[in-house]
$ cat query_39.cif   # mmCIF, C-alpha atoms, pLDDT in the B column; chains and numbers go by the auth columns
data_protein
#
loop_
_atom_site.group_PDB
_atom_site.id
_atom_site.type_symbol
_atom_site.label_atom_id
_atom_site.label_comp_id
_atom_site.label_asym_id
_atom_site.label_seq_id
_atom_site.Cartn_x
_atom_site.Cartn_y
_atom_site.Cartn_z
_atom_site.B_iso_or_equiv
_atom_site.auth_seq_id
_atom_site.auth_asym_id
ATOM 1 C CA MET A 1 24.472 -47.105 29.736 81.00 870 B
ATOM 2 C CA MET A 2 26.733 -46.869 26.726 93.00 871 B
ATOM 3 C CA GLU A 3 26.084 -44.518 23.817 94.00 872 B
ATOM 4 C CA HIS A 4 26.057 -47.337 21.255 94.00 873 B
ATOM 5 C CA LEU A 5 23.378 -49.201 23.228 93.00 874 B
ATOM 6 C CA ILE A 6 20.792 -46.376 23.105 94.00 875 B
ATOM 7 C CA VAL A 7 17.918 -47.332 20.790 93.00 876 B
ATOM 8 C CA PRO A 8 14.556 -45.642 20.112 93.00 877 B
ATOM 9 C CA SER A 9 11.398 -47.114 21.690 93.00 878 B
ATOM 10 C CA ARG A 10 9.480 -49.762 19.733 93.00 879 B
ATOM 11 C CA GLY A 11 7.191 -48.080 17.182 92.00 880 B
ATOM 12 C CA ALA A 12 8.973 -44.703 17.412 95.00 881 B
ATOM 13 C CA ARG A 13 10.724 -45.231 14.051 94.00 882 B
ATOM 14 C CA LYS A 14 8.684 -46.454 11.100 91.00 883 B
ATOM 15 C CA ALA A 15 10.204 -47.594 7.806 90.00 884 B
ATOM 16 C CA ARG A 16 9.014 -45.615 4.772 90.00 885 B
ATOM 17 C CA LYS A 17 6.572 -47.301 2.416 90.00 886 B
ATOM 18 C CA ARG A 18 8.380 -48.389 -0.769 91.00 887 B
ATOM 19 C CA VAL A 19 5.748 -47.888 -3.463 91.00 888 B
ATOM 20 C CA GLY A 20 5.828 -49.191 -7.034 89.00 889 B
ATOM 21 C CA ARG A 21 7.827 -52.339 -6.271 91.00 890 B
ATOM 22 C CA GLY A 22 5.355 -54.885 -7.646 91.00 891 B
ATOM 23 C CA ASP A 23 1.834 -56.000 -6.753 90.00 892 B
ATOM 24 C CA ALA A 24 3.090 -58.485 -4.182 90.00 893 B
ATOM 25 C CA ALA A 25 4.616 -55.646 -2.176 88.00 894 B
ATOM 26 C CA GLY A 26 1.141 -54.150 -1.622 86.00 895 B
ATOM 27 C CA GLN A 27 1.682 -50.806 -3.440 90.00 896 B
ATOM 28 C CA GLY A 28 2.407 -52.043 -6.953 89.00 897 B
ATOM 29 C CA SER A 29 1.135 -51.104 -10.446 90.00 898 B
ATOM 30 C CA TYR A 30 0.097 -47.440 -9.973 91.00 899 B
ATOM 31 C CA GLY A 31 1.853 -46.993 -6.623 90.00 900 B
ATOM 32 C CA GLY A 32 -1.128 -45.405 -4.849 90.00 901 B
ATOM 33 C CA ARG A 33 -1.397 -42.618 -7.446 92.00 902 B
ATOM 34 C CA GLY A 34 -4.503 -43.811 -9.276 91.00 903 B
ATOM 35 C CA MET A 35 -4.769 -43.775 -13.057 93.00 904 B
ATOM 36 C CA LYS A 36 -3.497 -40.972 -15.314 93.00 905 B
ATOM 37 C CA GLY A 37 -3.870 -37.256 -14.695 91.00 906 B
ATOM 38 C CA GLN A 38 -1.601 -34.535 -13.390 89.00 907 B
ATOM 39 C CA LYS A 39 -1.301 -35.981 -9.905 91.00 908 B
ATOM 40 C CA SER A 40 -0.074 -39.348 -11.191 92.00 909 B
ATOM 41 C CA ARG A 41 2.956 -37.926 -13.016 92.00 910 B
ATOM 42 C CA SER A 42 6.460 -37.663 -11.623 91.00 911 B
ATOM 43 C CA GLY A 43 7.539 -34.197 -10.536 92.00 912 B
ATOM 44 C CA TYR A 44 3.932 -33.256 -9.789 91.00 913 B
ATOM 45 C CA ARG A 45 3.616 -29.951 -7.943 92.00 914 B
ATOM 46 C CA ILE A 46 1.100 -27.132 -8.298 91.00 915 B
ATOM 47 C CA ARG A 47 1.634 -23.700 -6.834 91.00 916 B
ATOM 48 C CA PRO A 48 -0.547 -22.558 -3.913 90.00 917 B
ATOM 49 C CA GLY A 49 -3.826 -21.042 -5.100 87.00 918 B
ATOM 50 C CA PHE A 50 -3.827 -22.895 -8.453 90.00 919 B
ATOM 51 C CA GLU A 51 -7.369 -24.001 -9.324 91.00 920 B
ATOM 52 C CA GLY A 52 -6.784 -26.256 -12.318 89.00 921 B
ATOM 53 C CA GLY A 53 -6.891 -23.480 -14.900 89.00 922 B
ATOM 54 C CA GLN A 54 -10.046 -21.846 -13.556 92.00 923 B
ATOM 55 C CA LEU A 55 -9.500 -18.152 -12.774 90.00 924 B
ATOM 56 C CA PRO A 56 -8.112 -18.291 -9.222 88.00 925 B
ATOM 57 C CA LEU A 57 -10.016 -16.555 -6.445 85.00 926 B
ATOM 58 C CA ILE A 58 -7.061 -14.256 -5.710 82.00 927 B
ATOM 59 C CA LYS A 59 -7.081 -12.960 -9.321 83.00 928 B
ATOM 60 C CA GLY A 60 -10.810 -12.358 -9.296 80.00 929 B
ATOM 61 C CA LEU A 61 -10.538 -10.013 -6.313 76.00 930 B
ATOM 62 C CA PRO A 62 -9.779 -6.326 -6.870 71.00 931 B
ATOM 63 C CA MET A 63 -6.109 -5.403 -6.929 71.00 932 B
ATOM 64 C CA LYS A 64 -6.515 -2.958 -4.079 68.00 933 B
ATOM 65 C CA ARG A 65 -6.825 -4.809 -0.813 71.00 934 B
ATOM 66 C CA GLY A 66 -8.444 -3.379 2.278 77.00 935 B
ATOM 67 C CA PHE A 67 -11.615 -1.557 3.150 79.00 936 B
ATOM 68 C CA ASN A 68 -12.921 2.000 2.811 83.00 937 B
ATOM 69 C CA ASN A 69 -15.544 3.027 5.319 89.00 938 B
ATOM 70 C CA LYS A 70 -17.911 5.308 3.400 90.00 939 B
ATOM 71 C CA PHE A 71 -19.501 6.501 6.659 95.00 940 B
ATOM 72 C CA LYS A 72 -16.216 7.739 8.198 93.00 941 B
ATOM 73 C CA THR A 73 -16.031 11.457 8.966 92.00 942 B
ATOM 74 C CA ARG A 74 -12.973 12.916 7.280 94.00 943 B
ATOM 75 C CA PHE A 75 -11.601 16.180 8.660 94.00 944 B
ATOM 76 C CA ALA A 76 -9.633 19.042 7.145 93.00 945 B
ATOM 77 C CA LEU A 77 -6.663 19.360 9.527 94.00 946 B
ATOM 78 C CA VAL A 78 -5.163 22.657 10.698 92.00 947 B
ATOM 79 C CA LYS A 79 -2.057 22.828 12.893 92.00 948 B
ATOM 80 C CA LEU A 80 -1.816 25.243 15.793 91.00 949 B
ATOM 81 C CA GLU A 81 1.486 26.627 14.462 90.00 950 B
ATOM 82 C CA ASP A 82 -0.373 27.759 11.299 89.00 951 B
ATOM 83 C CA LEU A 83 -2.730 29.880 13.426 88.00 952 B
ATOM 84 C CA ALA A 84 0.261 31.914 14.705 86.00 953 B
ATOM 85 C CA ALA A 85 0.075 33.926 11.435 86.00 954 B
ATOM 86 C CA PHE A 86 -3.199 35.596 12.554 88.00 955 B
ATOM 87 C CA ASP A 87 -3.412 38.774 14.679 88.00 956 B
ATOM 88 C CA ALA A 88 -4.112 38.642 18.421 87.00 957 B
ATOM 89 C CA GLY A 89 -7.770 38.859 19.432 87.00 958 B
ATOM 90 C CA GLN A 90 -8.993 37.728 16.011 89.00 959 B
ATOM 91 C CA ARG A 91 -11.884 35.238 15.626 92.00 960 B
ATOM 92 C CA ILE A 92 -10.743 32.425 13.326 91.00 961 B
ATOM 93 C CA THR A 93 -13.433 30.554 11.386 92.00 962 B
ATOM 94 C CA PRO A 94 -13.226 27.894 8.643 94.00 963 B
ATOM 95 C CA ASP A 95 -14.039 30.630 6.058 93.00 964 B
ATOM 96 C CA LEU A 96 -11.092 32.726 7.265 92.00 965 B
ATOM 97 C CA LEU A 97 -8.804 29.662 7.135 92.00 966 B
ATOM 98 C CA TYR A 98 -9.962 28.971 3.567 94.00 967 B
ATOM 99 C CA GLN A 99 -9.260 32.572 2.500 93.00 968 B
ATOM 100 C CA ALA A 100 -5.809 32.407 4.127 92.00 969 B
ATOM 101 C CA GLY A 101 -5.053 29.278 2.074 91.00 970 B
ATOM 102 C CA LEU A 102 -4.824 26.912 5.055 91.00 971 B
ATOM 103 C CA LEU A 103 -7.786 24.878 3.766 92.00 972 B
ATOM 104 C CA SER A 104 -8.117 23.616 0.202 92.00 973 B
ATOM 105 C CA SER A 105 -11.933 23.465 0.433 91.00 974 B
ATOM 106 C CA LEU A 106 -14.797 23.894 2.900 92.00 975 B
ATOM 107 C CA LYS A 107 -16.147 20.441 2.011 93.00 976 B
ATOM 108 C CA PHE A 108 -14.881 18.762 5.199 94.00 977 B
ATOM 109 C CA PRO A 109 -15.339 19.755 8.875 95.00 978 B
ATOM 110 C CA VAL A 110 -12.264 21.416 10.407 94.00 979 B
ATOM 111 C CA LYS A 111 -10.154 19.847 13.155 95.00 980 B
ATOM 112 C CA VAL A 112 -7.450 21.822 14.953 93.00 981 B
ATOM 113 C CA LEU A 113 -4.345 19.827 15.941 93.00 982 B
ATOM 114 C CA GLY A 114 -1.995 20.763 18.797 90.00 983 B
ATOM 115 C CA ASN A 115 1.224 20.809 16.718 89.00 984 B
ATOM 116 C CA GLY A 116 3.423 23.785 17.591 88.00 985 B
ATOM 117 C CA ASP A 117 2.857 26.634 20.041 88.00 986 B
ATOM 118 C CA LEU A 118 0.580 29.659 20.157 87.00 987 B
ATOM 119 C CA SER A 119 1.694 32.948 21.720 87.00 988 B
ATOM 120 C CA GLN A 120 -1.236 35.310 20.979 88.00 989 B
ATOM 121 C CA SER A 121 -4.812 34.964 22.255 89.00 990 B
ATOM 122 C CA LEU A 122 -7.228 33.896 19.511 90.00 991 B
ATOM 123 C CA THR A 123 -10.853 32.817 19.402 91.00 992 B
ATOM 124 C CA VAL A 124 -10.846 29.683 17.267 92.00 993 B
ATOM 125 C CA ALA A 125 -14.118 28.346 15.837 93.00 994 B
ATOM 126 C CA ALA A 126 -13.854 24.809 14.410 94.00 995 B
ATOM 127 C CA HIS A 127 -15.742 21.527 14.421 94.00 996 B
ATOM 128 C CA LYS A 128 -13.220 19.564 16.506 94.00 997 B
ATOM 129 C CA PHE A 129 -10.130 20.175 18.638 94.00 998 B
ATOM 130 C CA THR A 130 -7.532 17.814 20.020 94.00 999 B
ATOM 131 C CA GLN A 131 -7.056 18.006 23.789 94.00 1000 B
ATOM 132 C CA SER A 132 -3.581 19.502 23.407 93.00 1001 B
ATOM 133 C CA ALA A 133 -4.822 22.156 20.945 92.00 1002 B
ATOM 134 C CA ARG A 134 -7.654 23.142 23.279 92.00 1003 B
ATOM 135 C CA ALA A 135 -5.249 23.395 26.236 92.00 1004 B
ATOM 136 C CA LYS A 136 -2.678 25.488 24.305 91.00 1005 B
ATOM 137 C CA ILE A 137 -5.300 27.925 22.959 91.00 1006 B
ATOM 138 C CA GLU A 138 -6.766 28.464 26.424 91.00 1007 B
ATOM 139 C CA ALA A 139 -3.279 28.731 28.003 91.00 1008 B
ATOM 140 C CA ALA A 140 -2.462 31.555 25.548 90.00 1009 B
ATOM 141 C CA GLY A 141 -5.578 33.409 26.768 90.00 1010 B
ATOM 142 C CA GLY A 142 -7.731 32.496 23.799 90.00 1011 B
ATOM 143 C CA ALA A 143 -11.118 30.789 23.522 91.00 1012 B
ATOM 144 C CA VAL A 144 -12.403 27.662 21.770 92.00 1013 B
ATOM 145 C CA GLU A 145 -15.755 27.487 19.929 91.00 1014 B
ATOM 146 C CA GLU A 146 -17.075 24.166 18.658 92.00 1015 B
ATOM 147 C CA LEU A 147 -19.308 24.523 15.613 87.00 1016 B
#

$ encode --input "query_39.cif" --output "structure tokens"
Amino acid sequence: MMEHLIVPSRGARKARKRVGRGDAAGQGSYGGRGMKGQKSRSGYRIRPGFEGGQLPLIKGLPMKRGFNNKFKTRFALVKLEDLAAFDAGQRITPDLLYQAGLLSSLKFPVKVLGNGDLSQSLTVAAHKFTQSARAKIEAAGGAVEEL
């Protein structure tokens, strides 16, 4: 087989339809575009989402995308390294954290995160603890109280 003898299979290549070349050619007069209107003109193109001048759906939606779950429990977070400022043997409550300036308000339940290390034994009372925070508090000889 020679390279110049290779041809595509019958029906694999189809000639393009030459529109607007007279009525006898089958696609004459309006060339398959119908009569008048934006779509019949040359250079016709509308951007995606255009709705003919009607306010597009995307503009009617709020600018902020996404979803806010109003039932989600939001926690005030306290790092373990921040608890190192308290004295050994002290019982730490959300009120004490608020007075120390570690919480901005008592509006949300308190969650203790395991960031950092703890050297002294403390009794920490909070609503939630991460597993690492619980393990580090107990390893330092302290206790964990869930409110």

$ resolve_selection --input "query_39.cif" --expression "the PyMOL selection byres ((chain B and resi 889) around 12)" --output "PDB file with C-alpha atoms, in the coordinates of the input"
ATOM      1  CA  LYS B 886       6.572 -47.301   2.416  1.00 90.00           C
ATOM      2  CA  ARG B 887       8.380 -48.389  -0.769  1.00 91.00           C
ATOM      3  CA  VAL B 888       5.748 -47.888  -3.463  1.00 91.00           C
ATOM      4  CA  ARG B 890       7.827 -52.339  -6.271  1.00 91.00           C
ATOM      5  CA  GLY B 891       5.355 -54.885  -7.646  1.00 91.00           C
ATOM      6  CA  ASP B 892       1.834 -56.000  -6.753  1.00 90.00           C
ATOM      7  CA  ALA B 893       3.090 -58.485  -4.182  1.00 90.00           C
ATOM      8  CA  ALA B 894       4.616 -55.646  -2.176  1.00 88.00           C
ATOM      9  CA  GLY B 895       1.141 -54.150  -1.622  1.00 86.00           C
ATOM     10  CA  GLN B 896       1.682 -50.806  -3.440  1.00 90.00           C
ATOM     11  CA  GLY B 897       2.407 -52.043  -6.953  1.00 89.00           C
ATOM     12  CA  SER B 898       1.135 -51.104 -10.446  1.00 90.00           C
ATOM     13  CA  TYR B 899       0.097 -47.440  -9.973  1.00 91.00           C
ATOM     14  CA  GLY B 900       1.853 -46.993  -6.623  1.00 90.00           C
ATOM     15  CA  GLY B 901      -1.128 -45.405  -4.849  1.00 90.00           C
ATOM     16  CA  ARG B 902      -1.397 -42.618  -7.446  1.00 92.00           C
ATOM     17  CA  GLY B 903      -4.503 -43.811  -9.276  1.00 91.00           C
TER      18      GLY B 903
END

$ resolve_selection --input "query_39.cif" --expression "the PyMOL selection byres ((chain B and resi 980) around 8)" --output "PyMOL selection string"
chain B and resi 944-947+978-979+981-982+995-999

$ atom_distance --input "query_39.cif" --atom1 "atom CA of B:Gly970" --atom2 "atom CA of B:Gln989"
20.2 Å

$ closest_residue --input "query_39.cif" --among "B:Glu872, B:Glu950, B:Glu1015, B:Asp964" --to "B:Gly983" --atoms "all atoms listed in the file"
B:Glu950

$ closest_residue --input "query_39.cif" --among "B:Arg1003, B:Ala953, B:Leu965, B:Arg960" --to "B:Gly985" --atoms "only C-alpha atoms"
B:Ala953

$ residues_around --input "query_39.cif" --residues "B:Leu952" --least-positions-apart "2" --cutoff "10 Å" --atoms "only C-alpha atoms" --output "MDAnalysis selection string"
chainID B and resid 947:950 954:956 961 966 971 981 985:989 991 993

$ decode --input "query_39.cif" --residues "stretch 937-981 of chain B" --atoms "C-alpha atoms" --output "PDB file, in the first residue's frame"
ATOM      1  CA  ASN B 937     -25.482  29.223  55.056  1.00  0.00           C
ATOM      2  CA  ASN B 938     -26.871  26.537  57.310  1.00  0.00           C
ATOM      3  CA  LYS B 939     -28.806  28.406  60.003  1.00  0.00           C
ATOM      4  CA  PHE B 940     -29.002  25.247  62.139  1.00  0.00           C
ATOM      5  CA  LYS B 941     -25.210  24.716  62.297  1.00  0.00           C
ATOM      6  CA  THR B 942     -23.649  24.856  65.760  1.00  0.00           C
ATOM      7  CA  ARG B 943     -20.851  27.405  65.751  1.00  0.00           C
ATOM      8  CA  PHE B 944     -18.192  27.098  68.449  1.00  0.00           C
ATOM      9  CA  ALA B 945     -15.892  29.579  70.153  1.00  0.00           C
ATOM     10  CA  LEU B 946     -12.455  27.974  69.698  1.00  0.00           C
ATOM     11  CA  VAL B 947      -9.726  27.899  72.350  1.00  0.00           C
ATOM     12  CA  LYS B 948      -6.262  26.466  71.683  1.00  0.00           C
ATOM     13  CA  LEU B 949      -4.498  24.292  74.226  1.00  0.00           C
ATOM     14  CA  GLU B 950      -1.408  26.534  74.109  1.00  0.00           C
ATOM     15  CA  ASP B 951      -3.579  29.432  75.384  1.00  0.00           C
ATOM     16  CA  LEU B 952      -4.478  27.409  78.495  1.00  0.00           C
ATOM     17  CA  ALA B 953      -0.768  27.245  79.456  1.00  0.00           C
ATOM     18  CA  ALA B 954      -1.164  30.779  80.917  1.00  0.00           C
ATOM     19  CA  PHE B 955      -3.310  29.430  83.805  1.00  0.00           C
ATOM     20  CA  ASP B 956      -1.922  28.076  87.107  1.00  0.00           C
ATOM     21  CA  ALA B 957      -1.605  24.338  87.766  1.00  0.00           C
ATOM     22  CA  GLY B 958      -4.592  22.690  89.441  1.00  0.00           C
ATOM     23  CA  GLN B 959      -6.977  25.453  88.365  1.00  0.00           C
ATOM     24  CA  ARG B 960     -10.504  24.681  87.074  1.00  0.00           C
ATOM     25  CA  ILE B 961     -10.978  26.471  83.745  1.00  0.00           C
ATOM     26  CA  THR B 962     -14.538  27.362  82.731  1.00  0.00           C
ATOM     27  CA  PRO B 963     -15.932  29.421  79.822  1.00  0.00           C
ATOM     28  CA  ASP B 964     -16.485  32.338  82.274  1.00  0.00           C
ATOM     29  CA  LEU B 965     -12.814  32.248  83.299  1.00  0.00           C
ATOM     30  CA  LEU B 966     -11.746  32.142  79.626  1.00  0.00           C
ATOM     31  CA  TYR B 967     -13.970  35.157  78.911  1.00  0.00           C
ATOM     32  CA  GLN B 968     -12.465  37.125  81.820  1.00  0.00           C
ATOM     33  CA  ALA B 969      -8.947  36.228  80.638  1.00  0.00           C
ATOM     34  CA  GLY B 970      -9.806  37.633  77.194  1.00  0.00           C
ATOM     35  CA  LEU B 971      -9.560  34.305  75.351  1.00  0.00           C
ATOM     36  CA  LEU B 972     -13.247  34.484  74.378  1.00  0.00           C
ATOM     37  CA  SER B 973     -14.901  37.532  72.836  1.00  0.00           C
ATOM     38  CA  SER B 974     -18.357  36.513  74.121  1.00  0.00           C
ATOM     39  CA  LEU B 975     -20.167  33.684  75.907  1.00  0.00           C
ATOM     40  CA  LYS B 976     -22.736  33.485  73.096  1.00  0.00           C
ATOM     41  CA  PHE B 977     -21.271  30.321  71.536  1.00  0.00           C
ATOM     42  CA  PRO B 978     -20.392  26.947  73.133  1.00  0.00           C
ATOM     43  CA  VAL B 979     -16.657  26.476  73.756  1.00  0.00           C
ATOM     44  CA  LYS B 980     -14.508  23.925  71.928  1.00  0.00           C
ATOM     45  CA  VAL B 981     -10.938  23.196  73.013  1.00  0.00           C
TER      46      VAL B 981
END
